[in-house]
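Data block below; observations after.
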Amino acid sequence: MKLAAWNVNSLKVRLPQLLDFLATRQPDAVCLQETKLLDEAFPAAELAAAGYRVVFAGQKTYNGVAILSRSNLADVSVGIPGVEDEQKRVIAATVDGVRLVCVYCPNGQSLDSEKYPYKLAWFDALADWLKNELVRYPRLAVLGDYNVAPEDRDVHDPEAWRGSVLVSEPERERFRKLLALGLKDSFRLFEQPEKAFTWWDYRMMGFRRNHGLRIDHILLSEPLAAACTGAAIDRDMRKLERPSDHAPVLVEIGMAC
DNA sequence: ATGGCGCCACATTGGCGA
């Protein structure tokens with residue numbers, strides 16, 4: 001079972017690239033973030049023609065999440081239960097016995113922004129919810145854009161970024177709290193190249209200079225981590241014309257999990 | 001040097017992302 005997560009930064013603009021990604025990588029399921037589409041504009045017909053069922057939760061201009069799957073999507077839920085939030089950041093569904101939680105975690109903007117405490121509180125609510133979800137669904141994956149680079153090795157220039165949003169200690173502590181629930185950072189289950197990132201600034205030739213951060217992650221519960229046979233970042237999608245500023249992340253799960 | 005790029009919107013500039 002091949003799973004992917006990709007912040008597409010506008011599904012309207014990136015649909016041709018997504019269709020190319022589906023055709024060439026053949027993932028079983030994909031979690032999308034920043035679709036930036038109202039639900040009535042979601043390209044369900046195009047994705048159905050490509051062989052994918054879809055569930056989605058969108059809004060105008062900002063945020064928006066979706067799950068694509070070649071097989072049935074069951075028990076769909078939107079948002080974090082009990083949390084009032086107009087921002088469409090979470091959608092979950094069960095695919096072939098695996099619970100997929102698609103997340104677009106808040107950016108936070110800067111440490112002195114009111115969006116920063118919102119981000120920290122959002123992570124606390126996510127952790128509270130996932131703690132229960134892991135009991136309900138032992139085979140659970142949380143995929144998406146976390147907007148947190150967990151360690152200095154996930155940052156192209158740790159000294160330049162020290163203490164800023166996306167790398168600050170309170171944010172990293174929230175990320176570690178997710179791991180403490182029993183989730184594994186799939187990327188670190190395997191030997192990986194140094195300076196491996198999932199996001200690069202559009203400006204200043206960030207990608208060409210590999211000035212990036214690893215902020216998109218696939219976290220796996222213990223049973224899925226034990227069956228995971230590979231994890232990678234798909235840098236090729238970032239090399240295309242008019243790319244998203246994020247690259248997709250991928251995992252392969254053995255069928256015998 | 002707080003810019004720079006890209007996307008979106010009741011657009012021709014500003015908000016936001018990260």
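Residue numbering restarts at 1 for every chain of the structure tokens, chains are lettered A, B, ... in their displayed order, and ligands are numbered from 1 as they appear.
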
Which residues of chain A come within 8 Å of chain B, and for each one, what is the closest pair of atoms and their distance in Å to one decimal, counting only C-alpha atoms (C1' of nucleotides), sorted by chain and residue number, as JSON lines?
```
{"residue": "A:Asn9", "atom": "CA", "partner": "B:DC7", "partner_atom": "C1'", "distance": 7.5}
{"residue": "A:Ser10", "atom": "CA", "partner": "B:DC7", "partner_atom": "C1'", "distance": 7.2}
{"residue": "A:Thr61", "atom": "CA", "partner": "B:DC8", "partner_atom": "C1'", "distance": 5.6}
{"residue": "A:Asn107", "atom": "CA", "partner": "B:DA18", "partner_atom": "C1'", "distance": 7.0}
{"residue": "A:Gln109", "atom": "CA", "partner": "B:DA18", "partner_atom": "C1'", "distance": 7.6}
{"residue": "A:Asn147", "atom": "CA", "partner": "B:DA18", "partner_atom": "C1'", "distance": 7.7}
{"residue": "A:Leu166", "atom": "CA", "partner": "B:DA18", "partner_atom": "C1'", "distance": 7.6}
{"residue": "A:Asp201", "atom": "CA", "partner": "B:DA18", "partner_atom": "C1'", "distance": 7.4}
{"residue": "A:Tyr202", "atom": "CA", "partner": "B:DC5", "partner_atom": "C1'", "distance": 4.7}
{"residue": "A:Arg203", "atom": "CA", "partner": "B:DC5", "partner_atom": "C1'", "distance": 4.8}
{"residue": "A:Met204", "atom": "CA", "partner": "B:DG4", "partner_atom": "C1'", "distance": 5.7}
```

Check your understanding: Which neighbours of A:Arg188 fall inside 10 Å, counting only C-alpha atoms (C1' of nucleotides), when residues of the same chain fewer than 6 positions from it are skipped, and could you give them as a PyMOL selection string?
Key -> chain A and resi 230-232

Exercise for review: For stretch 121-124 of chain A, work out the shell of residues within 7 Å, counting only C-alpha atoms (C1' of nucleotides) and skipping chain neighbours fewer than 4 positions away, then give it as a list in words.
Suggested key: Pro117, Asp128 and Arg174 of chain A

Practice item. Mind giving me the straight-line distance from atom CA of A:Tyr116 to atom CA of A:Pro170 in Å, one decimal? Key: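 Going from atom CA of A:Tyr116 over to atom CA of A:Pro170, I get 10.0 Å.
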
Check your understanding: For A:Ala41, which residue out of A:Leu18, A:Leu11, A:Val249, A:Leu134 is the nearest one, using only C-alpha atoms?
Key ->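 Among the listed residues, A:Leu11 lies closest to A:Ala41.
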
Practice item. Report as an MDAnalysis selection string: the residues of stretch 36-119 of chain A with a DSSP assignment of helix (DSSP H, G or I), based on the backbone of this structure. Key: chainID A and resid 39:41 44:49 115:119

Let's have the selection written as a CSV table (one decimal), in the first residue's frame, with N, CA and C atoms.
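Result file follows (again_2.csv):
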```
chain,number,residue,atom,x,y,z
A,39,ASP,N,-16.1,23.5,-2.1
A,39,ASP,CA,-16.4,22.1,-2.4
A,39,ASP,C,-17.1,22.0,-3.8
A,40,GLU,N,-17.9,22.9,-4.2
A,40,GLU,CA,-18.5,22.8,-5.5
A,40,GLU,C,-17.5,22.9,-6.7
A,41,ALA,N,-16.3,23.4,-6.4
A,41,ALA,CA,-15.3,23.5,-7.4
A,41,ALA,C,-14.3,22.4,-7.4
A,44,ALA,N,-13.8,16.5,-8.8
A,44,ALA,CA,-14.0,15.1,-8.6
A,44,ALA,C,-14.1,14.3,-9.8
A,45,ALA,N,-14.7,14.9,-10.9
A,45,ALA,CA,-14.9,14.1,-12.1
A,45,ALA,C,-13.5,13.8,-12.8
A,46,GLU,N,-12.6,14.7,-12.8
A,46,GLU,CA,-11.3,14.5,-13.3
A,46,GLU,C,-10.5,13.4,-12.6
A,47,LEU,N,-10.7,13.5,-11.2
A,47,LEU,CA,-10.0,12.5,-10.4
A,47,LEU,C,-10.7,11.1,-10.5
A,48,ALA,N,-12.0,11.1,-10.7
A,48,ALA,CA,-12.7,9.8,-10.9
A,48,ALA,C,-12.2,9.2,-12.2
A,49,ALA,N,-12.0,10.0,-13.2
A,49,ALA,CA,-11.5,9.5,-14.5
A,49,ALA,C,-10.1,8.9,-14.4
A,115,LYS,N,-1.7,34.1,15.6
A,115,LYS,CA,-1.8,32.8,15.0
A,115,LYS,C,-0.9,31.8,15.6
A,116,TYR,N,0.1,32.3,16.4
A,116,TYR,CA,1.0,31.3,17.0
A,116,TYR,C,0.4,30.6,18.2
A,117,PRO,N,-0.3,31.3,19.1
A,117,PRO,CA,-1.0,30.5,20.2
A,117,PRO,C,-2.1,29.6,19.6
A,118,TYR,N,-2.7,30.1,18.5
A,118,TYR,CA,-3.7,29.3,17.8
A,118,TYR,C,-3.1,28.0,17.4
A,119,LYS,N,-1.9,28.1,16.8
A,119,LYS,CA,-1.2,26.9,16.3
A,119,LYS,C,-0.9,25.9,17.4
```
